[in-house]
Structures are given as structure tokens and as C-alpha cells.
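Chemist: My structure is stored as structure-v2.txt, with compact mmCIF, C-alpha atoms and all ligand atoms.
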```
# COMPACT_ATOMS: atom_id res chain seq x y z
CA MET A 1 -64.52 25.48 117.07
CA ALA A 2 -61.06 23.97 116.70
CA THR A 3 -59.95 21.26 119.14
CA GLN A 4 -57.83 22.59 121.97
CA LEU A 5 -54.52 20.67 121.98
CA PRO A 6 -53.19 19.58 125.35
CA ASP A 7 -50.37 21.75 126.75
CA GLN A 8 -47.74 19.22 125.93
CA HIS A 9 -48.64 17.99 122.53
CA PRO A 10 -47.64 15.67 121.07
CA ILE A 11 -46.24 13.80 124.05
CA GLN A 12 -43.12 11.63 123.81
CA THR A 13 -42.12 12.05 120.20
CA ASP A 14 -39.05 10.48 118.71
CA ALA A 15 -37.63 10.75 115.20
CA VAL A 16 -35.31 9.14 112.72
CA ARG A 17 -34.00 10.90 109.62
CA SER A 18 -35.02 9.01 106.52
CA ALA A 19 -33.76 9.32 103.00
CA MET A 20 -35.67 8.12 99.98
CA GLU A 21 -36.68 9.19 96.52
CA ALA A 22 -40.33 9.77 95.74
CA VAL A 23 -40.81 8.09 92.38
CA TYR A 24 -43.52 9.08 89.85
CA ASN A 25 -44.91 6.54 87.47
CA TRP A 26 -46.86 7.90 84.49
CA ASN A 27 -48.10 4.51 83.44
CA TYR A 28 -51.44 3.84 85.09
CA GLU A 29 -52.06 0.47 83.43
CA PRO A 30 -51.49 -2.72 85.46
CA GLU A 31 -47.91 -4.02 85.15
CA ILE A 32 -47.67 -6.56 87.94
CA ASP A 33 -51.05 -8.31 87.88
CA GLU A 34 -50.57 -10.13 91.19
CA LEU A 35 -50.16 -6.81 92.99
CA ARG A 36 -53.22 -5.31 91.31
CA THR A 37 -55.23 -8.36 92.45
CA LEU A 38 -53.87 -8.04 95.98
CA TYR A 39 -54.94 -4.39 95.99
CA ALA A 40 -58.47 -5.35 94.89
CA ASN A 41 -58.62 -8.02 97.63
CA ALA A 42 -57.48 -5.50 100.21
CA LEU A 43 -60.27 -3.09 99.21
CA ASP A 44 -62.77 -5.91 99.48
CA ARG A 45 -61.67 -6.98 102.95
CA GLN A 46 -61.54 -3.75 104.90
CA TRP A 47 -63.03 -3.78 108.41
CA ILE A 48 -63.68 -1.22 111.12
CA GLY A 49 -61.85 -2.04 114.34
CA MET A 50 -64.00 0.03 116.67
CA LYS A 51 -67.28 -1.32 115.18
CA GLN A 52 -66.62 -4.93 114.35
CA LEU A 53 -64.92 -6.01 117.58
CA ASP A 54 -66.96 -6.14 120.77
CA TRP A 55 -65.10 -3.64 122.96
CA ALA A 56 -67.81 -3.68 125.62
CA GLN A 57 -66.77 -7.14 126.80
CA PRO A 58 -64.29 -7.15 129.70
CA ILE A 59 -61.06 -9.13 129.34
CA ASP A 60 -61.68 -12.69 130.50
CA ARG A 61 -58.92 -13.01 133.14
CA ALA A 62 -59.29 -16.73 133.73
CA ALA A 63 -59.21 -17.54 130.00
CA PHE A 64 -56.30 -15.18 129.62
CA SER A 65 -54.26 -16.78 132.42
CA ASP A 66 -55.17 -20.34 131.41
CA THR A 67 -54.08 -20.03 127.82
CA PHE A 68 -50.84 -18.20 128.10
CA SER A 69 -48.01 -19.17 125.83
CA ILE A 70 -44.80 -17.33 125.30
CA GLY A 71 -43.04 -17.23 121.97
CA GLY A 72 -45.35 -20.05 120.92
CA ILE A 73 -44.28 -22.34 123.81
CA PRO A 74 -47.53 -23.58 125.43
CA ILE A 75 -46.45 -23.01 129.04
CA HIS A 76 -50.07 -23.15 130.18
CA GLU A 77 -50.20 -26.90 129.50
CA THR A 78 -47.50 -27.70 132.08
CA GLU A 79 -47.99 -28.78 135.70
CA PHE A 80 -45.56 -26.02 136.69
CA TRP A 81 -47.93 -23.38 135.32
CA LYS A 82 -51.09 -25.01 136.63
CA ALA A 83 -49.56 -25.18 140.14
CA LEU A 84 -49.02 -21.42 140.31
CA PRO A 85 -51.76 -19.47 142.15
CA LEU A 86 -54.28 -17.87 139.80
CA GLU A 87 -53.18 -14.43 140.99
CA THR A 88 -49.54 -15.15 140.00
CA ARG A 89 -50.58 -16.64 136.65
CA TRP A 90 -52.64 -13.55 135.93
CA LYS A 91 -49.75 -11.28 136.92
CA VAL A 92 -47.23 -13.12 134.73
CA ALA A 93 -49.64 -13.46 131.81
CA LYS A 94 -50.80 -9.86 132.06
CA GLY A 95 -47.27 -8.44 132.45
CA SER A 96 -45.80 -10.48 129.59
CA ALA A 97 -48.79 -9.83 127.36
CA CYS A 98 -48.72 -6.09 128.06
CA PHE A 99 -45.08 -6.06 127.07
CA LEU A 100 -45.48 -8.23 123.96
CA LEU A 101 -48.66 -6.52 122.77
CA SER A 102 -47.08 -3.10 123.37
CA ASN A 103 -44.23 -4.13 121.13
CA PHE A 104 -46.68 -5.42 118.54
CA LEU A 105 -48.32 -2.00 118.81
CA HIS A 106 -45.03 -0.14 118.32
CA GLY A 107 -44.16 -2.47 115.46
CA GLU A 108 -47.52 -1.59 113.88
CA GLN A 109 -46.64 2.09 114.10
CA GLY A 110 -43.36 1.33 112.32
CA ALA A 111 -45.26 -0.65 109.68
CA LEU A 112 -47.69 2.26 109.25
CA MET A 113 -44.85 4.67 108.53
CA VAL A 114 -42.96 2.28 106.25
CA ALA A 115 -46.14 1.50 104.26
CA GLY A 116 -46.62 5.26 103.81
CA GLN A 117 -43.03 5.55 102.59
CA LEU A 118 -43.55 2.68 100.14
CA VAL A 119 -46.40 4.56 98.43
CA ALA A 120 -43.84 7.17 97.36
CA ALA A 121 -40.75 4.98 97.03
CA VAL A 122 -41.84 1.96 94.97
CA PRO A 123 -41.56 2.47 91.21
CA HIS A 124 -44.68 0.60 90.01
CA THR A 125 -48.23 1.97 90.10
CA ASP A 126 -49.58 -1.41 91.27
CA GLY A 127 -47.07 -1.38 94.12
CA LYS A 128 -48.15 2.14 95.13
CA PHE A 129 -51.86 1.24 95.06
CA TYR A 130 -51.27 -1.78 97.25
CA ALA A 131 -49.04 0.09 99.72
CA ALA A 132 -51.83 2.67 100.08
CA THR A 133 -54.23 -0.04 101.28
CA GLN A 134 -51.61 -1.40 103.64
CA THR A 135 -51.14 2.05 105.13
CA LEU A 136 -54.81 2.07 106.11
CA ASP A 137 -54.57 -1.51 107.42
CA GLU A 138 -51.64 -0.57 109.66
CA ALA A 139 -53.44 2.50 111.04
CA ARG A 140 -56.28 0.18 112.03
CA HIS A 141 -53.81 -2.24 113.64
CA VAL A 142 -52.27 0.56 115.70
CA GLU A 143 -55.78 1.58 116.73
CA VAL A 144 -56.92 -1.88 117.85
CA PHE A 145 -53.69 -2.92 119.60
CA ALA A 146 -53.63 0.40 121.47
CA ALA A 147 -57.25 -0.15 122.54
CA TYR A 148 -56.56 -3.70 123.74
CA VAL A 149 -53.41 -2.80 125.67
CA ARG A 150 -55.33 0.07 127.26
CA LYS A 151 -57.94 -2.43 128.48
CA LEU A 152 -55.25 -4.76 129.78
CA GLY A 153 -52.86 -2.34 131.45
CA GLU A 154 -50.36 0.25 130.32
CA VAL A 155 -48.40 0.65 127.11
CA GLN A 156 -44.80 -0.44 127.71
CA PRO A 157 -41.78 1.15 126.03
CA ILE A 158 -40.46 -0.35 122.80
CA ALA A 159 -37.74 -3.02 123.06
CA PRO A 160 -34.43 -1.42 121.97
CA ALA A 161 -33.71 -4.05 119.31
CA LEU A 162 -37.13 -3.56 117.68
CA LYS A 163 -36.60 0.22 117.73
CA LYS A 164 -33.26 -0.22 115.98
CA LEU A 165 -34.86 -2.46 113.36
CA LEU A 166 -37.64 0.07 112.65
CA ASP A 167 -35.09 2.91 112.52
CA ASN A 168 -32.98 1.01 109.99
CA VAL A 169 -35.96 0.20 107.76
CA LEU A 170 -37.32 3.76 107.91
CA ALA A 171 -33.90 5.31 107.30
CA THR A 172 -32.72 3.32 104.28
CA ASP A 173 -33.06 5.06 100.91
CA ASP A 174 -33.60 1.76 99.06
CA TRP A 175 -37.24 0.71 98.70
CA LYS A 176 -36.18 -2.92 98.19
CA LYS A 177 -34.49 -2.90 101.60
CA LYS A 178 -37.64 -1.40 103.12
CA ALA A 179 -39.63 -4.20 101.48
CA VAL A 180 -37.29 -6.92 102.71
CA GLY A 181 -36.95 -5.50 106.23
CA MET A 182 -40.63 -4.73 106.74
CA GLN A 183 -42.70 -6.90 104.39
CA VAL A 184 -40.60 -10.04 104.61
CA VAL A 185 -38.78 -10.11 107.96
CA THR A 186 -40.97 -7.99 110.27
CA GLU A 187 -44.35 -8.81 108.73
CA GLY A 188 -43.39 -12.49 108.46
CA LEU A 189 -42.53 -12.54 112.16
CA ALA A 190 -45.73 -10.65 112.99
CA LEU A 191 -47.99 -12.89 110.93
CA TYR A 192 -46.52 -16.05 112.44
CA SER A 193 -46.61 -14.71 116.01
CA PHE A 194 -50.13 -13.25 115.77
CA ARG A 195 -51.47 -16.53 114.37
CA ASP A 196 -49.65 -18.52 117.06
CA MET A 197 -51.05 -16.33 119.81
CA ARG A 198 -54.53 -16.38 118.24
CA ASN A 199 -54.49 -20.20 118.15
CA ALA A 200 -53.24 -20.44 121.75
CA THR A 201 -55.44 -17.92 123.53
CA LYS A 202 -59.00 -18.52 124.67
CA GLU A 203 -59.49 -14.86 125.61
CA PRO A 204 -62.37 -14.01 123.24
CA LEU A 205 -61.55 -10.38 122.41
CA LEU A 206 -57.85 -11.04 121.86
CA LYS A 207 -58.65 -14.06 119.69
CA GLU A 208 -61.02 -12.05 117.55
CA LEU A 209 -58.65 -9.11 117.26
CA LEU A 210 -55.72 -11.32 116.24
CA THR A 211 -57.85 -13.14 113.66
CA TYR A 212 -58.81 -9.90 111.94
CA VAL A 213 -55.26 -8.53 112.10
CA SER A 214 -53.65 -11.77 110.85
CA ARG A 215 -55.88 -11.76 107.77
CA ASP A 216 -54.47 -8.36 106.85
CA GLU A 217 -50.91 -9.44 107.66
CA ALA A 218 -51.25 -12.39 105.26
CA ARG A 219 -51.72 -9.85 102.44
CA HIS A 220 -48.85 -7.70 103.70
CA THR A 221 -46.46 -10.64 103.62
CA GLY A 222 -47.90 -11.67 100.26
CA TYR A 223 -47.06 -8.22 98.89
CA GLY A 224 -43.39 -8.57 99.89
CA ILE A 225 -43.17 -12.06 98.40
CA LYS A 226 -44.95 -11.22 95.14
CA TYR A 227 -43.17 -7.92 94.58
CA LEU A 228 -39.68 -9.08 95.45
CA SER A 229 -39.96 -12.31 93.50
CA ALA A 230 -40.54 -10.14 90.43
CA VAL A 231 -37.68 -7.76 91.27
CA VAL A 232 -34.86 -9.86 92.78
CA PRO A 233 -34.11 -11.72 89.50
CA THR A 234 -33.43 -8.35 87.82
CA LEU A 235 -30.74 -7.30 90.34
CA SER A 236 -26.97 -7.48 89.95
CA GLU A 237 -25.15 -9.95 92.20
CA ARG A 238 -23.90 -7.10 94.38
CA GLU A 239 -27.41 -5.64 94.84
CA ARG A 240 -28.83 -9.07 95.60
CA ALA A 241 -26.13 -9.75 98.22
CA GLU A 242 -26.76 -6.36 99.87
CA LEU A 243 -30.47 -7.18 100.21
CA GLU A 244 -29.61 -10.56 101.65
CA ASP A 245 -27.34 -8.93 104.25
CA PHE A 246 -30.00 -6.39 105.14
CA ALA A 247 -32.47 -9.22 105.75
CA PHE A 248 -30.01 -10.98 108.04
CA GLU A 249 -29.35 -7.82 110.04
CA CYS A 250 -33.12 -7.37 110.56
CA ALA A 251 -33.54 -10.99 111.65
CA ARG A 252 -30.53 -10.71 113.96
CA LEU A 253 -32.13 -7.78 115.77
CA LEU A 254 -35.21 -9.90 116.40
CA VAL A 255 -33.51 -13.12 117.44
CA ASP A 256 -30.06 -12.55 118.90
CA SER A 257 -30.29 -12.00 122.64
CA ARG A 258 -26.51 -11.77 123.11
CA GLY A 259 -26.85 -8.02 123.54
CA GLY A 260 -29.55 -8.62 126.19
CA THR A 261 -31.92 -6.36 124.31
CA THR A 262 -34.46 -8.72 122.73
CA MET A 263 -38.03 -9.12 123.86
CA ARG A 264 -37.23 -12.50 125.40
CA SER A 265 -34.81 -10.99 127.92
CA SER A 266 -37.32 -8.28 128.88
CA VAL A 267 -40.16 -10.77 129.33
CA LEU A 268 -38.07 -12.80 131.75
CA GLU A 269 -37.56 -9.66 133.83
CA LEU A 270 -41.34 -9.36 134.05
CA TRP A 271 -41.57 -12.89 135.42
CA ARG A 272 -39.21 -11.89 138.18
CA ASP A 273 -41.44 -8.91 139.01
CA ALA A 274 -44.43 -11.22 139.33
CA GLY A 275 -42.52 -13.40 141.80
CA VAL A 276 -41.50 -16.24 139.47
CA ASP A 277 -37.77 -16.86 139.24
CA PRO A 278 -37.00 -17.40 135.51
CA GLY A 279 -34.12 -19.80 136.25
CA GLU A 280 -36.30 -22.01 138.46
CA ALA A 281 -39.17 -21.75 136.00
CA PHE A 282 -36.96 -23.00 133.16
CA GLN A 283 -35.66 -25.89 135.25
CA ALA A 284 -39.21 -26.88 136.08
CA LEU A 285 -40.29 -26.51 132.46
CA ALA A 286 -37.32 -28.56 131.26
CA LYS A 287 -38.63 -31.50 133.32
CA GLU A 288 -41.89 -31.26 131.39
CA ARG A 289 -40.36 -31.40 127.94
CA THR A 290 -42.60 -34.25 126.85
CA THR A 291 -45.79 -32.40 127.82
CA ILE A 292 -44.62 -29.32 125.93
CA ALA A 293 -43.53 -31.39 122.93
CA SER A 294 -46.87 -33.15 122.64
CA ALA A 295 -48.75 -29.86 123.04
CA LEU A 296 -46.59 -28.46 120.25
CA GLN A 297 -47.25 -31.52 118.12
CA ARG A 298 -50.98 -30.91 118.44
CA SER A 299 -50.58 -27.31 117.35
CA GLY A 300 -48.53 -28.33 114.30
CA GLY A 301 -44.97 -28.22 115.64
CA ARG A 302 -42.83 -25.27 116.47
CA ARG A 303 -40.00 -23.73 114.55
CA GLY A 304 -40.48 -20.15 115.67
CA PRO A 305 -41.34 -17.27 113.35
CA ILE A 306 -37.90 -16.74 111.85
CA ARG A 307 -37.15 -20.35 111.14
CA GLY A 308 -40.73 -21.37 110.46
CA PHE A 309 -41.62 -18.50 108.17
CA VAL A 310 -39.03 -15.82 107.46
CA ILE A 311 -36.20 -18.12 106.37
CA PRO A 312 -38.36 -20.17 103.96
CA THR A 313 -39.51 -16.85 102.46
CA LEU A 314 -35.93 -15.65 102.03
CA LYS A 315 -34.99 -18.98 100.44
CA ALA A 316 -37.92 -18.70 98.02
CA LEU A 317 -36.78 -15.18 97.10
CA ASP A 318 -33.17 -16.27 96.48
CA LEU A 319 -31.97 -14.17 99.41
CA MET A 320 -30.25 -16.99 101.29
CA SER A 321 -26.78 -17.94 100.07
CA GLU A 322 -24.37 -20.30 101.84
CA ARG A 323 -22.74 -17.23 103.36
CA SER A 324 -26.00 -16.25 105.08
CA ILE A 325 -26.81 -19.81 106.10
CA ALA A 326 -23.55 -19.84 108.08
CA HIS A 327 -24.57 -16.56 109.80
CA TYR A 328 -28.04 -17.86 110.72
CA ASP A 329 -26.64 -21.16 111.99
CA GLU A 330 -24.10 -19.43 114.19
CA MET A 331 -26.79 -17.15 115.61
CA PHE A 332 -29.31 -19.93 116.31
CA ARG A 333 -26.68 -22.14 117.95
CA ALA A 334 -25.42 -19.31 120.16
CA ASN A 335 -28.97 -18.52 121.29
CA PHE A 336 -30.70 -21.90 121.38
CA GLY A 337 -27.95 -24.51 121.79
CA GLU A 338 -25.67 -26.65 119.66
CA ASN A 339 -28.24 -29.21 118.59
CA PHE A 340 -30.43 -26.68 116.89
CA GLY A 341 -29.40 -28.06 113.48
CA SER A 342 -28.70 -26.11 110.31
CA VAL A 343 -31.26 -23.96 108.50
CA GLN A 344 -29.83 -25.60 105.37
CA ASP A 345 -31.62 -28.82 106.34
CA ASP A 346 -35.03 -27.19 106.83
CA THR A 347 -37.02 -28.38 103.87
CA HIS A 348 -40.41 -26.93 104.78
CA GLY A 349 -41.63 -24.21 102.46
CA LEU A 350 -44.26 -21.53 102.86
CA PRO A 351 -47.97 -22.36 103.06
CA ALA A 352 -49.30 -22.37 99.48
CA ASP A 353 -52.28 -20.20 100.44
CA LEU A 354 -51.45 -17.69 103.18
CA GLU A 355 -55.04 -16.57 103.69
CA ALA A 356 -56.22 -20.17 104.18
CA TRP A 357 -53.27 -20.83 106.52
CA VAL A 358 -54.33 -17.91 108.72
CA GLU A 359 -57.74 -19.53 109.25
CA GLU A 360 -56.21 -22.89 110.35
CA GLY A 361 -56.25 -23.69 114.04
CA ALA A 362 -58.66 -20.90 115.00
FE FE B 401 -50.02 -4.71 110.92
FE FE B 402 -48.58 -5.51 108.38
```
Output the file's structure in the form of C-alpha cells.
Modeler:
Amino acid sequence: MATQLPDQHPIQTDAVRSAMEAVYNWNYEPEIDELRTLYANALDRQWIGMKQLDWAQPIDRAAFSDTFSIGGIPIHETEFWKALPLETRWKVAKGSACFLLSNFLHGEQGALMVAGQLVAAVPHTDGKFYAATQTLDEARHVEVFAAYVRKLGEVQPIAPALKKLLDNVLATDDWKKKAVGMQVVTEGLALYSFRDMRNATKEPLLKELLTYVSRDEARHTGYGIKYLSAVVPTLSERERAELEDFAFECARLLVDSRGGTTMRSSVLELWRDAGVDPGEAFQALAKERTTIASALQRSGGRRGPIRGFVIPTLKALDLMSERSIAHYDEMFRANFGENFGSVQDDTHGLPADLEAWVEEGA
């Protein structure tokens, strides 16, 4: 007998019109070997979220509240945090995590749809094969994040800036823009943030979940890097500049809180709800700069996902001209203060082996 759908089904849908060409390729032989290899690796490393993670274990509240960091800043190491009652710490950690993980979850849904689009839109057979494996990976990520948030609390609405970013990437008719916006900027941010959170948290189920997911994300980012480094050199200057601008616009939506719509601004609201005044909290945290700095030192320093990962990727792909550098610098200074330095002077590159980098610090 067929399943009876609920009266209101599906609930809460939303849509964006997307334009793209579905491209056939009649050549079935490998053309971009690195992508064919990545596809083979992806097949080899599949996992089953509902079987391989131990969903029977309850969330460890104490571990959760004791190892809470936000945006990679190890707040839990400060006296300010330790002095808060356990109940308040749990409320802040749970509220912020529900919000952040919900947005990870929504981002995963976006990634799922974009990966599906890439199967049709990319012109190379190897690129289509790989995007097919990523589509399955992203379905699994949606599944496991939804299950974890359900255990923790309730799914929170998507942050407006992230929604705009996903809309833009889904709507563009250019597969290269989809690849830059999703595989480089969004996946780069996700990989860096998931790994950061995985290294910080002592909550066993979350740690395990993020380890599995980050391994997949390392391939997803690798796909963007490998594919685009083959394609960007073949573009005209105008096409290259357009891609560069698209990347900046995506990064701006994730970083720039001047519109008050980023995740950072929403998380601070949640602090207020839990009874912690964000202004006072920041003053108290500012006094503990040295503690935070040494905790960061131990975890390998902190540049944040855009500066630590996305920008080096864009530089490696030749998608970062002086024009863009000026845009990034202006944005970082407006959001994080004048002495934030120039992205021009950042000399760090990407980890040579992304999969090995994911395992570090676990
Ligand atoms: Fe994902
Ligand atoms: Fe991904």
C-alpha cells in the first residue's frame, strides 16, 4: 500500500528559479585524470550515517558546554566562560550550536542541490561522475546534521545571507560560477569550520559526525580546486574577472555583517536570550586575550575560514587580482578592525594533502 502523505505536504517549501544548460558528453574515456581518481576515492570511502554513528548515545551536555567555541574562538578556555553557571553555559552552547548546526544543515541542502545541478551542467564526463558521488555525500550530510539537530533541539531558520548565497549559486547559468561559489567558497568555509568544531568539541557524537563529514568535504573542496585549476587558464580575461567577482560576492555574504544578517549577528542574539549580554561578554573576553591567544596557538593559530582557507584557494586558482584584494581588505577592516592587515601579505598556502589535514588535531 502506498504511503499516506500528511495533509500539508511538503511543509515549508521555498524555491528559486535556476537557469542552466544540461550538457551531454559523448566521450566516456577519462579526460581529467585527477577527477577520475577523486571519483574512485569517493566510491571507496562511502559510509552509512544511520549505521556507522552511534545514535543511541545521548548528547553529553557537560562535554558539550565545556568545549564550546564560536567561530573557532575557544571561549570555553576563558575564566569568563568557566564562571558562568553550568545551566547558562548549556543554554548558550545549545542555542548557538542549534543555530550554527541548523545553518550547516541548510547549507548541506544547498550543496545537495548544486551537486545535482553540476552532474548536468559540467561538460566533462569525469566531472559528472564525481559530482554524482558528491550528490550522495551531501544527501548523507543533510541526513546526519538533521538527526543531530533533532537530538539537540529544534531546526532554526536559515540565516538570510546564507540563503542569498545559495540562491545565487543555484540560479546562475554558468557551471564555473556554481563551482566557485559552492566548491571553493562555501565548501572551503564548511570544511574549515567543521574541522575547527571537530577539534574543539569533546562531545563524542558531534566529534564523530564532524570527522566523517569533514573527510567527504575534503574531496568536495578538492574537486573545485582540481577542476577549476584545469579550466581557469583557458578563460578569457573577462570571463576570469567575472568568476573572481562572483567569488568575492559569495565571500562577502558569509563575512560582511554590515547588513546585520550574518550568522555572527544572529548568534549574539541567542546569547542575549540565554541571559548573557554580548557587549559585557566581549569586554570580559577582551581582558582574556592572552588566554585565548595561547589556546589558539595550541590549536594551530586562527585566521578564520575565509582568510585561512578560501582566499589561499582563490589565489592558487588565479582568482585574486589586486582589484579583489582591495575589496577583501576593505571588508575585513570594516568588520574586524583596522589592524587586520592585508590579505596580500598572507603567505600561507593550502595544506598539501587535504585528507591528511582533516585528520590532524582530532
Ligand atoms: Fe556536505
Ligand atoms: Fe560538501
Chemist: With only C-alpha atoms as the basis for distance, which of A:Asp277, A:Glu269, A:Glu31, A:Glu187 is at the shortest distance from Val310 of chain A?
Modeler: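 For Val310 of chain A, the nearest of the given residues is A:Glu187.
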Chemist: At a cut-off of 10 Å and counting all atoms listed in the file, what residues surround ligand FE 401 (chain B)? Please answer as a PyMOL selection string.
Modeler: chain A and resi 104-105+107-112+115+134-142+145+186-187+190-191+194+213-218+220
Chemist: Within 10 Å of Val114 of chain A, counting only C-alpha atoms, which residues show up once you throw out same-chain ones fewer than 5 positions away? Write them as a CSV table (one decimal) with C-alpha atoms, keeping the file's coordinate frame, please.
Modeler:
```
chain,number,residue,atom,x,y,z
A,108,GLU,CA,-47.5,-1.6,113.9
A,109,GLN,CA,-46.6,2.1,114.1
A,119,VAL,CA,-46.4,4.6,98.4
A,121,ALA,CA,-40.8,5.0,97.0
A,131,ALA,CA,-49.0,0.1,99.7
A,134,GLN,CA,-51.6,-1.4,103.6
A,135,THR,CA,-51.1,2.0,105.1
A,138,GLU,CA,-51.6,-0.6,109.7
A,166,LEU,CA,-37.6,0.1,112.6
A,169,VAL,CA,-36.0,0.2,107.8
A,170,LEU,CA,-37.3,3.8,107.9
A,171,ALA,CA,-33.9,5.3,107.3
A,175,TRP,CA,-37.2,0.7,98.7
A,178,LYS,CA,-37.6,-1.4,103.1
A,179,ALA,CA,-39.6,-4.2,101.5
A,181,GLY,CA,-37.0,-5.5,106.2
A,182,MET,CA,-40.6,-4.7,106.7
A,183,GLN,CA,-42.7,-6.9,104.4
```
Chemist: Given the choices A:Trp357, A:Tyr212, A:Trp81, A:Trp55, which gets closest to ligand FE 402 (chain B) if the distance is worked out from all atoms listed in the file?
Modeler: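 Using all atoms listed in the file, ligand FE 402 (chain B) sits closest to A:Tyr212.
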Chemist: In the coordinate frame of the file, compute which residues have an atom within 12 Å of (-57.4, -15.7, 117.2) when using all atoms listed in the file, and state them as a PyMOL selection string.
Modeler: chain A and resi 67+191-215+358-362
